[in-house]
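What's in my_file-v4.txt: compact mmCIF, C-alpha atoms
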```txt
# COMPACT_ATOMS: atom_id res chain seq x y z
CA MET A 1 91.41 106.53 125.89
CA THR A 2 89.35 104.72 128.48
CA GLY A 3 85.69 105.45 129.10
CA TRP A 4 83.70 104.27 132.07
CA LEU A 5 83.06 101.01 130.30
CA GLY A 6 86.74 100.16 130.40
CA ARG A 7 89.37 99.50 127.80
CA GLY A 8 87.82 98.79 124.42
CA ASP A 9 84.37 98.67 126.06
CA VAL A 10 85.11 95.13 127.22
CA GLN A 11 82.95 95.22 130.32
CA PHE A 12 79.99 96.31 128.26
CA PHE A 13 80.43 93.41 125.87
CA ASP A 14 80.90 90.95 128.70
CA ARG A 15 77.52 92.08 129.99
CA VAL A 16 75.61 92.15 126.70
CA ALA A 17 77.14 89.02 125.11
CA ARG A 18 73.93 87.05 125.39
CA LEU A 19 71.71 89.80 124.01
CA TYR A 20 74.11 90.89 121.33
CA ASP A 21 73.19 88.26 118.77
CA VAL A 22 69.49 88.98 119.18
CA PHE A 23 69.96 92.55 118.07
CA MET A 24 72.63 92.13 115.45
CA PRO A 25 71.40 90.68 112.16
CA PRO A 26 73.01 87.50 110.80
CA SER A 27 76.10 88.26 108.83
CA GLY A 28 76.19 87.51 105.09
CA THR A 29 79.54 86.85 103.48
CA ASP A 30 79.31 88.55 100.09
CA TRP A 31 81.60 91.28 101.38
CA ALA A 32 84.15 88.62 102.36
CA THR A 33 84.06 86.97 98.95
CA ALA A 34 84.71 90.35 97.32
CA ALA A 35 87.47 91.27 99.76
CA PHE A 36 89.21 87.89 99.53
CA ASP A 37 89.15 88.20 95.72
CA PHE A 38 91.59 91.06 96.24
CA ALA A 39 94.03 88.60 97.84
CA ASP A 40 96.90 87.22 95.83
CA ARG A 41 96.71 83.81 97.50
CA PRO A 42 93.95 81.30 98.27
CA VAL A 43 92.11 82.24 101.46
CA GLU A 44 91.37 79.43 103.90
CA ARG A 45 92.40 80.43 107.39
CA VAL A 46 90.79 83.68 108.54
CA LEU A 47 91.42 85.63 111.73
CA ASP A 48 88.18 87.25 112.93
CA LEU A 49 89.64 90.12 114.93
CA ALA A 50 87.46 91.43 117.78
CA GLY A 51 85.09 88.76 116.49
CA GLY A 52 83.03 88.68 119.69
CA THR A 53 80.31 86.05 119.78
CA GLY A 54 81.44 84.59 116.46
CA ARG A 55 78.48 85.95 114.50
CA VAL A 56 80.69 86.70 111.49
CA SER A 57 82.83 83.58 111.86
CA ALA A 58 79.78 81.33 112.01
CA ALA A 59 78.85 82.61 108.54
CA LEU A 60 82.44 82.45 107.29
CA ALA A 61 82.81 78.87 108.54
CA HIS A 62 80.76 77.58 105.60
CA ASP A 63 83.54 78.49 103.18
CA TYR A 64 86.59 79.28 105.29
CA ASP A 65 88.45 78.24 108.41
CA PRO A 66 87.94 81.12 110.88
CA VAL A 67 89.49 81.74 114.30
CA VAL A 68 87.75 84.22 116.61
CA ALA A 69 89.98 86.53 118.66
CA ASP A 70 88.49 88.89 121.23
CA VAL A 71 89.33 90.54 124.55
CA SER A 72 85.95 89.73 126.09
CA ALA A 73 85.64 86.31 127.75
CA GLY A 74 81.84 86.63 127.76
CA MET A 75 81.61 87.14 124.02
CA LEU A 76 84.16 84.39 123.31
CA THR A 77 82.22 81.87 125.36
CA ARG A 78 79.36 82.30 122.91
CA ALA A 79 81.71 81.79 119.97
CA HIS A 80 83.22 78.72 121.65
CA ASP A 81 79.74 77.28 122.27
CA ARG A 82 79.12 77.65 118.55
CA GLY A 83 82.02 75.28 117.98
CA LEU A 84 84.34 77.97 116.64
CA PRO A 85 88.07 78.07 117.45
CA THR A 86 88.60 80.98 119.85
CA VAL A 87 91.53 82.87 121.34
CA ARG A 88 91.35 85.53 124.02
CA ALA A 89 93.72 88.19 122.77
CA ASP A 90 94.63 91.85 122.62
CA ALA A 91 94.38 93.14 119.05
CA GLY A 92 97.47 95.28 119.59
CA ARG A 93 99.62 92.34 120.75
CA LEU A 94 98.32 89.31 118.91
CA PRO A 95 99.32 85.85 120.08
CA LEU A 96 99.58 84.59 116.51
CA ARG A 97 102.67 83.69 114.54
CA ASP A 98 103.90 85.65 111.55
CA ASP A 99 102.03 84.61 108.38
CA ALA A 100 99.67 82.42 110.45
CA VAL A 101 96.52 83.21 108.44
CA ASP A 102 95.49 84.06 104.87
CA ALA A 103 93.21 86.92 105.88
CA ALA A 104 92.23 88.99 108.92
CA VAL A 105 88.83 90.67 109.14
CA VAL A 106 87.61 93.37 111.52
CA VAL A 107 83.83 93.56 111.14
CA ASP A 108 81.72 96.14 113.03
CA ALA A 109 84.58 96.37 115.48
CA TYR A 110 87.27 98.68 114.11
CA HIS A 111 85.63 101.59 115.93
CA HIS A 112 85.95 99.73 119.26
CA LEU A 113 89.67 99.00 119.07
CA PRO A 114 91.65 100.99 121.64
CA ASP A 115 94.78 101.22 119.46
CA ARG A 116 93.81 100.89 115.82
CA ALA A 117 97.28 101.49 114.38
CA ALA A 118 98.80 98.72 116.51
CA ALA A 119 95.93 96.38 115.62
CA ILE A 120 96.42 96.91 111.89
CA ARG A 121 100.20 96.47 112.21
CA GLU A 122 99.66 93.21 114.06
CA ALA A 123 97.03 92.04 111.57
CA ALA A 124 99.48 92.76 108.72
CA ARG A 125 102.15 90.73 110.53
CA VAL A 126 100.01 87.62 111.03
CA VAL A 127 98.60 87.63 107.48
CA ALA A 128 100.80 85.79 104.99
CA PRO A 129 102.19 87.64 101.93
CA GLY A 130 99.48 88.08 99.31
CA GLY A 131 96.78 87.78 101.96
CA VAL A 132 94.44 90.58 103.01
CA VAL A 133 93.40 92.65 106.02
CA VAL A 134 89.74 93.65 105.76
CA ILE A 135 87.99 96.42 107.70
CA ARG A 136 84.20 96.53 107.47
CA ASP A 137 82.41 99.14 109.52
CA PHE A 138 79.89 101.97 109.62
CA ASP A 139 80.95 105.14 107.86
CA PRO A 140 80.37 108.14 110.15
CA THR A 141 80.32 110.51 107.16
CA THR A 142 77.03 108.97 105.99
CA LEU A 143 73.79 109.98 107.67
CA PRO A 144 72.84 106.53 109.10
CA GLY A 145 76.46 105.99 110.12
CA ARG A 146 76.36 109.27 112.02
CA GLY A 147 73.24 108.10 113.85
CA ILE A 148 74.91 104.86 114.92
CA ALA A 149 78.00 106.73 116.07
CA ALA A 150 75.81 109.13 118.09
CA SER A 151 73.86 106.31 119.74
CA GLU A 152 77.02 104.49 120.79
CA ALA A 153 78.25 107.74 122.31
CA LEU A 154 74.99 107.92 124.28
CA PHE A 155 75.74 104.47 125.68
CA GLY A 156 79.01 105.86 126.97
CA MET A 157 81.12 103.79 124.59
CA ASP A 158 84.64 104.72 123.69
CA SER A 159 83.99 103.95 120.07
CA GLU A 160 85.33 106.25 117.43
CA PHE A 161 84.09 105.57 113.95
CA VAL A 162 86.47 105.95 111.03
CA ALA A 163 85.45 106.88 107.48
CA ALA A 164 86.15 104.52 104.57
CA ASP A 165 89.04 106.53 103.15
CA ALA A 166 90.66 106.94 106.56
CA ALA A 167 90.45 103.18 107.10
CA ALA A 168 92.13 102.60 103.72
CA GLN A 169 94.82 105.13 104.68
CA ALA A 170 95.44 103.24 107.92
CA LEU A 171 95.98 100.07 105.89
CA THR A 172 98.36 101.93 103.58
CA ARG A 173 100.32 103.26 106.55
CA ALA A 174 100.81 99.65 107.70
CA GLY A 175 102.50 98.96 104.34
CA LEU A 176 99.52 97.33 102.63
CA GLN A 177 98.16 97.89 99.14
CA ALA A 178 94.79 99.30 100.10
CA ARG A 179 91.51 100.05 98.43
CA VAL A 180 87.89 100.76 99.38
CA LEU A 181 85.58 98.12 97.89
CA ASP A 182 82.16 99.17 99.18
CA ARG A 183 81.02 102.64 100.04
CA GLY A 184 77.86 103.51 101.88
CA THR A 185 76.56 103.26 105.42
CA VAL A 186 78.77 100.19 105.77
CA TYR A 187 82.04 100.18 103.88
CA THR A 188 84.66 97.54 103.20
CA ALA A 189 88.31 98.59 103.07
CA VAL A 190 90.87 95.96 102.12
CA GLY A 191 94.66 95.93 102.22
CA ARG A 192 96.86 93.30 100.60
CA VAL A 193 100.11 92.25 102.26
CA PRO A 194 102.85 92.76 99.65
CA ARG A 195 105.04 89.87 98.57
CA ALA A 196 108.73 90.19 99.30
CA ASP A 197 109.92 90.38 95.64
CA MET B 1 90.73 74.55 122.14
CA LYS B 2 91.68 72.00 119.56
CA GLU B 3 95.31 70.99 119.55
CA SER B 4 95.56 72.14 115.90
CA LEU B 5 95.35 75.73 117.14
CA MET B 6 98.94 75.25 118.35
CA GLU B 7 100.01 75.64 114.70
CA ILE B 8 99.15 79.34 114.75
CA VAL B 9 99.34 80.64 118.32
CA CYS B 10 102.43 82.07 120.00
CA CYS B 11 103.39 84.22 122.99
CA PRO B 12 101.73 87.66 122.61
CA MET B 13 104.77 89.37 124.09
CA ASP B 14 107.78 87.96 122.23
CA LYS B 15 106.00 85.82 119.59
CA HIS B 16 107.95 82.69 120.50
CA ASP B 17 106.48 79.19 120.49
CA LEU B 18 104.23 77.96 123.28
CA GLU B 19 104.37 74.60 124.99
CA LEU B 20 101.05 72.93 125.75
CA ASP B 21 100.36 71.28 129.08
CA ALA B 22 96.81 69.89 129.05
CA ASP B 23 95.08 69.19 132.38
CA GLU B 24 91.68 68.18 131.04
CA ARG B 25 90.65 66.92 127.61
CA ASP B 26 87.24 66.16 126.22
CA ASP B 27 86.51 64.74 122.78
CA GLY B 28 89.74 66.01 121.20
CA GLU B 29 89.42 69.40 122.85
CA ILE B 30 91.65 70.78 125.60
CA ILE B 31 89.32 72.13 128.29
CA SER B 32 91.91 73.34 130.77
CA GLY B 33 95.66 73.56 130.97
CA THR B 34 98.46 76.00 130.36
CA LEU B 35 100.45 77.36 127.47
CA THR B 36 103.98 78.32 128.42
CA CYS B 37 106.31 80.46 126.33
CA THR B 38 109.44 78.52 125.45
CA ASP B 39 111.45 81.75 125.54
CA CYS B 40 110.25 84.12 128.30
CA GLY B 41 108.58 81.41 130.42
CA GLU B 42 105.31 83.34 130.81
CA SER B 43 102.41 80.94 131.17
CA TYR B 44 98.91 81.45 129.85
CA PRO B 45 95.84 79.59 131.12
CA ILE B 46 93.34 77.61 129.04
CA GLU B 47 89.96 78.16 130.71
CA ASP B 48 86.72 76.42 129.69
CA GLY B 49 88.32 75.46 126.38
CA ILE B 50 89.45 79.00 125.55
CA PRO B 51 93.16 79.89 125.67
CA ASN B 52 93.64 83.21 127.47
CA LEU B 53 96.50 84.71 125.50
CA LEU B 54 95.99 88.26 126.72
CA PRO B 55 99.26 89.92 127.70
CA PRO B 56 99.78 89.43 131.47
CA ASP B 57 99.04 93.12 132.18
CA MET B 58 95.54 92.72 130.72
CA ARG B 59 94.71 89.32 132.14
CA ASP B 60 92.65 90.33 135.16
CA GLY B 61 89.71 92.10 133.58
CA ALA B 62 89.71 95.36 131.64
```
Could I get this structure in the form of structure tokens?
Amino acid sequence: MTGWLGRGDVQFFDRVARLYDVFMPPSGTDWATAAFDFADRPVERVLDLAGGTGRVSAALAHDYDPVVADVSAGMLTRAHDRGLPTVRADAGRLPLRDDAVDAAVVVDAYHHLPDRAAAIREAARVVAPGGVVVIRDFDPTTLPGRGIAASEALFGMDSEFVAADAAAQALTRAGLQARVLDRGTVYTAVGRVPRAD
Amino acid sequence: MKESLMEIVCCPMDKHDLELDADERDDGEIISGTLTCTDCGESYPIEDGIPNLLPPDMRDGA
């Protein structure tokens, strides 16, 4: 699906990159601590998928070693200026090796991904066994979540919000051991990459 | 990009290793250059310190 903003709303994000951080609150990392606890390996290297300006990675960088991947050059320039490692990439065809990272996170971005199934499959491939794929997003089945979904639709965005349980099911379909950790307006769904034995 | 990023990146198409050819370096960072797939030969630009590893069909805008 492609709206007038273009694939994955990239053109929109290229345009708003500079304003984006003004409107989005700083990102805490309690959710990450909880999600990484679900991993069966130490988490150091973290892929911040559709990580945009690096808002989440900047917070994660205190305790982890994040890499920001995004389609939008405008957003990535901001992340790069923050001193974060950045890679311009398509979530559905990641330029990362198998088992390259200990965790992959998709924060406030799962609803923007043009092909969510491919993105989760790729995330599961690049996360090492025992590591985790984490989806954190607004839940459209909650009242505030519905409001956010409606306002993005007004902006002509292609976004399609996914409820917590559906996100966990997507992780399960990719072969991960999934669970929902937080429920509410913002949920955290986490899937652990199984070990071969 | 820092050279250490080479440990984790690969060709987005066939996932083979990339070879780094740096044109411009600054303080341990590669500012411009190319990353070339050792298998399919596709080359990917490094622009303003950011490797553009989008698949070739997505490279020119959205």
How would you write as a PDB file with C-alpha atoms, in the coordinates of the input the residues that get within 12 Å of (84.7, 100.7, 98.4) in the file's frame, counting all atoms listed in the file?
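The result, stored in out.pdb:
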```
ATOM      1  CA  TRP A  31      81.600  91.280 101.380  1.00  0.00           C
ATOM      2  CA  ALA A  34      84.710  90.350  97.320  1.00  0.00           C
ATOM      3  CA  ALA A  35      87.470  91.270  99.760  1.00  0.00           C
ATOM      4  CA  VAL A 134      89.740  93.650 105.760  1.00  0.00           C
ATOM      5  CA  ILE A 135      87.990  96.420 107.700  1.00  0.00           C
ATOM      6  CA  ARG A 136      84.200  96.530 107.470  1.00  0.00           C
ATOM      7  CA  ASP A 137      82.410  99.140 109.520  1.00  0.00           C
ATOM      8  CA  ASP A 139      80.950 105.140 107.860  1.00  0.00           C
ATOM      9  CA  ALA A 163      85.450 106.880 107.480  1.00  0.00           C
ATOM     10  CA  ALA A 164      86.150 104.520 104.570  1.00  0.00           C
ATOM     11  CA  ASP A 165      89.040 106.530 103.150  1.00  0.00           C
ATOM     12  CA  ALA A 166      90.660 106.940 106.560  1.00  0.00           C
ATOM     13  CA  ALA A 167      90.450 103.180 107.100  1.00  0.00           C
ATOM     14  CA  ALA A 168      92.130 102.600 103.720  1.00  0.00           C
ATOM     15  CA  ALA A 178      94.790  99.300 100.100  1.00  0.00           C
ATOM     16  CA  ARG A 179      91.510 100.050  98.430  1.00  0.00           C
ATOM     17  CA  VAL A 180      87.890 100.760  99.380  1.00  0.00           C
ATOM     18  CA  LEU A 181      85.580  98.120  97.890  1.00  0.00           C
ATOM     19  CA  ASP A 182      82.160  99.170  99.180  1.00  0.00           C
ATOM     20  CA  ARG A 183      81.020 102.640 100.040  1.00  0.00           C
ATOM     21  CA  GLY A 184      77.860 103.510 101.880  1.00  0.00           C
ATOM     22  CA  THR A 185      76.560 103.260 105.420  1.00  0.00           C
ATOM     23  CA  VAL A 186      78.770 100.190 105.770  1.00  0.00           C
ATOM     24  CA  TYR A 187      82.040 100.180 103.880  1.00  0.00           C
ATOM     25  CA  THR A 188      84.660  97.540 103.200  1.00  0.00           C
ATOM     26  CA  ALA A 189      88.310  98.590 103.070  1.00  0.00           C
ATOM     27  CA  VAL A 190      90.870  95.960 102.120  1.00  0.00           C
ATOM     28  CA  GLY A 191      94.660  95.930 102.220  1.00  0.00           C
TER      29      GLY A 191
END
```
Top pick for closest residue to Ile50 of chain B, considering B:Asp26, B:Pro12, B:Gly33, B:Asp21 and counting only C-alpha atoms: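 Of B:Asp26, B:Pro12, B:Gly33, B:Asp21, the one nearest Ile50 of chain B, counting only C-alpha atoms, is B:Gly33.
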Can you check which parts of chain B lie within 12 Å of chain A? Per residue, the shortest pair of atoms and distance in Å to one decimal, counting all atoms listed in the file, sorted by chain and number, as JSON lines.
```
{"residue": "B:Met1", "atom": "CA", "partner": "A:Pro85", "partner_atom": "CA", "distance": 6.4}
{"residue": "B:Lys2", "atom": "CA", "partner": "A:Pro85", "partner_atom": "CA", "distance": 7.4}
{"residue": "B:Glu3", "atom": "CA", "partner": "A:Pro85", "partner_atom": "CA", "distance": 10.3}
{"residue": "B:Ser4", "atom": "CA", "partner": "A:Pro85", "partner_atom": "CA", "distance": 9.7}
{"residue": "B:Leu5", "atom": "CA", "partner": "A:Pro85", "partner_atom": "CA", "distance": 7.7}
{"residue": "B:Met6", "atom": "CA", "partner": "A:Leu96", "partner_atom": "CA", "distance": 9.5}
{"residue": "B:Glu7", "atom": "CA", "partner": "A:Ala100", "partner_atom": "CA", "distance": 8.0}
{"residue": "B:Ile8", "atom": "CA", "partner": "A:Ala100", "partner_atom": "CA", "distance": 5.3}
{"residue": "B:Val9", "atom": "CA", "partner": "A:Leu96", "partner_atom": "CA", "distance": 4.4}
{"residue": "B:Cys10", "atom": "CA", "partner": "A:Pro95", "partner_atom": "CA", "distance": 4.9}
{"residue": "B:Cys11", "atom": "CA", "partner": "A:Pro95", "partner_atom": "CA", "distance": 5.3}
{"residue": "B:Pro12", "atom": "CA", "partner": "A:Pro95", "partner_atom": "CA", "distance": 3.9}
{"residue": "B:Met13", "atom": "CA", "partner": "A:Arg93", "partner_atom": "CA", "distance": 6.8}
{"residue": "B:Asp14", "atom": "CA", "partner": "A:Pro95", "partner_atom": "CA", "distance": 9.0}
{"residue": "B:Lys15", "atom": "CA", "partner": "A:Arg97", "partner_atom": "CA", "distance": 6.4}
{"residue": "B:His16", "atom": "CA", "partner": "A:Arg97", "partner_atom": "CA", "distance": 8.0}
{"residue": "B:Asp17", "atom": "CA", "partner": "A:Arg97", "partner_atom": "CA", "distance": 8.4}
{"residue": "B:Leu18", "atom": "CA", "partner": "A:Pro95", "partner_atom": "CA", "distance": 9.8}
{"residue": "B:Glu29", "atom": "CA", "partner": "A:Pro85", "partner_atom": "CA", "distance": 10.3}
{"residue": "B:Ile30", "atom": "CA", "partner": "A:Pro85", "partner_atom": "CA", "distance": 11.5}
{"residue": "B:Ile31", "atom": "CA", "partner": "A:His80", "partner_atom": "CA", "distance": 11.2}
{"residue": "B:Leu35", "atom": "CA", "partner": "A:Pro95", "partner_atom": "CA", "distance": 11.3}
{"residue": "B:Cys37", "atom": "CA", "partner": "A:Pro95", "partner_atom": "CA", "distance": 10.8}
{"residue": "B:Tyr44", "atom": "CA", "partner": "A:Arg88", "partner_atom": "CA", "distance": 10.4}
{"residue": "B:Pro45", "atom": "CA", "partner": "A:Arg88", "partner_atom": "CA", "distance": 10.3}
{"residue": "B:Ile46", "atom": "CA", "partner": "A:Val87", "partner_atom": "CA", "distance": 9.5}
{"residue": "B:Glu47", "atom": "CA", "partner": "A:Ala73", "partner_atom": "CA", "distance": 9.7}
{"residue": "B:Asp48", "atom": "CA", "partner": "A:Thr77", "partner_atom": "CA", "distance": 8.3}
{"residue": "B:Gly49", "atom": "CA", "partner": "A:His80", "partner_atom": "CA", "distance": 7.7}
{"residue": "B:Ile50", "atom": "CA", "partner": "A:Val87", "partner_atom": "CA", "distance": 6.1}
{"residue": "B:Pro51", "atom": "CA", "partner": "A:Val87", "partner_atom": "CA", "distance": 5.5}
{"residue": "B:Asn52", "atom": "CA", "partner": "A:Arg88", "partner_atom": "CA", "distance": 4.7}
{"residue": "B:Leu53", "atom": "CA", "partner": "A:Ala89", "partner_atom": "CA", "distance": 5.2}
{"residue": "B:Leu54", "atom": "CA", "partner": "A:Ala89", "partner_atom": "CA", "distance": 4.6}
{"residue": "B:Pro55", "atom": "CA", "partner": "A:Asp90", "partner_atom": "CA", "distance": 7.1}
{"residue": "B:Pro56", "atom": "CA", "partner": "A:Asp90", "partner_atom": "CA", "distance": 10.5}
{"residue": "B:Asp57", "atom": "CA", "partner": "A:Asp90", "partner_atom": "CA", "distance": 10.6}
{"residue": "B:Met58", "atom": "CA", "partner": "A:Asp90", "partner_atom": "CA", "distance": 8.2}
{"residue": "B:Arg59", "atom": "CA", "partner": "A:Val71", "partner_atom": "CA", "distance": 9.4}
{"residue": "B:Asp60", "atom": "CA", "partner": "A:Ala73", "partner_atom": "CA", "distance": 11.0}
{"residue": "B:Gly61", "atom": "CA", "partner": "A:Gln11", "partner_atom": "CA", "distance": 8.1}
{"residue": "B:Ala62", "atom": "CA", "partner": "A:Arg7", "partner_atom": "CA", "distance": 5.7}
```
Write to file, as an mmCIF file, in the coordinates of the input, the residues of the selection just made, with C-alpha atoms.
```cif
data_model
loop_
_atom_site.group_PDB
_atom_site.id
_atom_site.type_symbol
_atom_site.label_atom_id
_atom_site.label_comp_id
_atom_site.auth_asym_id
_atom_site.auth_seq_id
_atom_site.Cartn_x
_atom_site.Cartn_y
_atom_site.Cartn_z
ATOM 1 C CA MET B 1 90.730 74.550 122.140
ATOM 2 C CA LYS B 2 91.680 72.000 119.560
ATOM 3 C CA GLU B 3 95.310 70.990 119.550
ATOM 4 C CA SER B 4 95.560 72.140 115.900
ATOM 5 C CA LEU B 5 95.350 75.730 117.140
ATOM 6 C CA MET B 6 98.940 75.250 118.350
ATOM 7 C CA GLU B 7 100.010 75.640 114.700
ATOM 8 C CA ILE B 8 99.150 79.340 114.750
ATOM 9 C CA VAL B 9 99.340 80.640 118.320
ATOM 10 C CA CYS B 10 102.430 82.070 120.000
ATOM 11 C CA CYS B 11 103.390 84.220 122.990
ATOM 12 C CA PRO B 12 101.730 87.660 122.610
ATOM 13 C CA MET B 13 104.770 89.370 124.090
ATOM 14 C CA ASP B 14 107.780 87.960 122.230
ATOM 15 C CA LYS B 15 106.000 85.820 119.590
ATOM 16 C CA HIS B 16 107.950 82.690 120.500
ATOM 17 C CA ASP B 17 106.480 79.190 120.490
ATOM 18 C CA LEU B 18 104.230 77.960 123.280
ATOM 19 C CA GLU B 29 89.420 69.400 122.850
ATOM 20 C CA ILE B 30 91.650 70.780 125.600
ATOM 21 C CA ILE B 31 89.320 72.130 128.290
ATOM 22 C CA LEU B 35 100.450 77.360 127.470
ATOM 23 C CA CYS B 37 106.310 80.460 126.330
ATOM 24 C CA TYR B 44 98.910 81.450 129.850
ATOM 25 C CA PRO B 45 95.840 79.590 131.120
ATOM 26 C CA ILE B 46 93.340 77.610 129.040
ATOM 27 C CA GLU B 47 89.960 78.160 130.710
ATOM 28 C CA ASP B 48 86.720 76.420 129.690
ATOM 29 C CA GLY B 49 88.320 75.460 126.380
ATOM 30 C CA ILE B 50 89.450 79.000 125.550
ATOM 31 C CA PRO B 51 93.160 79.890 125.670
ATOM 32 C CA ASN B 52 93.640 83.210 127.470
ATOM 33 C CA LEU B 53 96.500 84.710 125.500
ATOM 34 C CA LEU B 54 95.990 88.260 126.720
ATOM 35 C CA PRO B 55 99.260 89.920 127.700
ATOM 36 C CA PRO B 56 99.780 89.430 131.470
ATOM 37 C CA ASP B 57 99.040 93.120 132.180
ATOM 38 C CA MET B 58 95.540 92.720 130.720
ATOM 39 C CA ARG B 59 94.710 89.320 132.140
ATOM 40 C CA ASP B 60 92.650 90.330 135.160
ATOM 41 C CA GLY B 61 89.710 92.100 133.580
ATOM 42 C CA ALA B 62 89.710 95.360 131.640
#
```
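We find atom CA of Pro144 of chain A and atom CA of His111 of chain A to be spaced 15.3 Å apart.
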Interatomic distance (Å, one decimal) between atom CA of Pro114 of chain A and atom CA of Met157 of chain A: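 Atom-to-atom, atom CA of Pro114 of chain A to atom CA of Met157 of chain A, that is 11.3 Å.
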Minimum-distance residue to Gly175 of chain A, chosen among A:Asp14, A:Asp40, A:Asp65, A:Glu122 (using all atoms listed in the file):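 For Gly175 of chain A, the nearest of the given residues is A:Glu122.
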Separation of atom CA of Leu49 of chain A from atom CA of Val106 of chain A in Å: 5.1 Å
Residue nearest Arg173 of chain A - candidates A:Arg195, A:Arg55, A:Arg121, A:Arg146, atoms counted: all atoms listed in the file: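 Among A:Arg195, A:Arg55, A:Arg121, A:Arg146, it is A:Arg121 that comes nearest to Arg173 of chain A.
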Within 6 Å of Ala103 of chain A using all atoms listed in the file, minus same-chain residues under 5 positions, as a list of chain:residue names: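 In the requested form, the answer reads A:Val46, A:Val127, A:Gly131, A:Val132, A:Val133.
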How would segment 13-26 of chain B look with N, CA and C atoms restored, written as an mmCIF file, in the coordinates of the input?
```cif
data_model
loop_
_atom_site.group_PDB
_atom_site.id
_atom_site.type_symbol
_atom_site.label_atom_id
_atom_site.label_comp_id
_atom_site.auth_asym_id
_atom_site.auth_seq_id
_atom_site.Cartn_x
_atom_site.Cartn_y
_atom_site.Cartn_z
ATOM 1 N N MET B 13 103.732 88.399 123.759
ATOM 2 C CA MET B 13 104.770 89.370 124.090
ATOM 3 C C MET B 13 105.978 89.272 123.164
ATOM 4 N N ASP B 14 106.557 88.078 123.042
ATOM 5 C CA ASP B 14 107.780 87.960 122.230
ATOM 6 C C ASP B 14 107.601 87.092 120.986
ATOM 7 N N LYS B 15 106.385 86.590 120.787
ATOM 8 C CA LYS B 15 106.000 85.820 119.590
ATOM 9 C C LYS B 15 106.747 84.480 119.454
ATOM 10 N N HIS B 16 107.299 83.996 120.559
ATOM 11 C CA HIS B 16 107.950 82.690 120.500
ATOM 12 C C HIS B 16 106.922 81.565 120.674
ATOM 13 N N ASP B 17 107.366 80.354 120.414
ATOM 14 C CA ASP B 17 106.480 79.190 120.490
ATOM 15 C C ASP B 17 105.973 78.950 121.916
ATOM 16 N N LEU B 18 104.821 78.317 122.003
ATOM 17 C CA LEU B 18 104.230 77.960 123.280
ATOM 18 C C LEU B 18 104.266 76.445 123.444
ATOM 19 N N GLU B 19 104.418 76.027 124.701
ATOM 20 C CA GLU B 19 104.370 74.600 124.990
ATOM 21 C C GLU B 19 103.060 74.304 125.695
ATOM 22 N N LEU B 20 102.361 73.278 125.215
ATOM 23 C CA LEU B 20 101.050 72.930 125.750
ATOM 24 C C LEU B 20 101.155 71.916 126.878
ATOM 25 N N ASP B 21 100.475 72.236 127.984
ATOM 26 C CA ASP B 21 100.360 71.280 129.080
ATOM 27 C C ASP B 21 98.860 71.151 129.389
ATOM 28 N N ALA B 22 98.262 70.053 128.904
ATOM 29 C CA ALA B 22 96.810 69.890 129.050
ATOM 30 C C ALA B 22 96.471 69.207 130.370
ATOM 31 N N ASP B 23 95.544 69.796 131.125
ATOM 32 C CA ASP B 23 95.080 69.190 132.380
ATOM 33 C C ASP B 23 93.833 68.341 132.140
ATOM 34 N N GLU B 24 92.967 68.831 131.245
ATOM 35 C CA GLU B 24 91.680 68.180 131.040
ATOM 36 C C GLU B 24 91.340 68.197 129.552
ATOM 37 N N ARG B 25 91.029 67.018 129.026
ATOM 38 C CA ARG B 25 90.650 66.920 127.610
ATOM 39 C C ARG B 25 89.263 66.333 127.503
ATOM 40 N N ASP B 26 88.556 66.715 126.453
ATOM 41 C CA ASP B 26 87.240 66.160 126.220
ATOM 42 C C ASP B 26 86.983 66.109 124.719
#
```
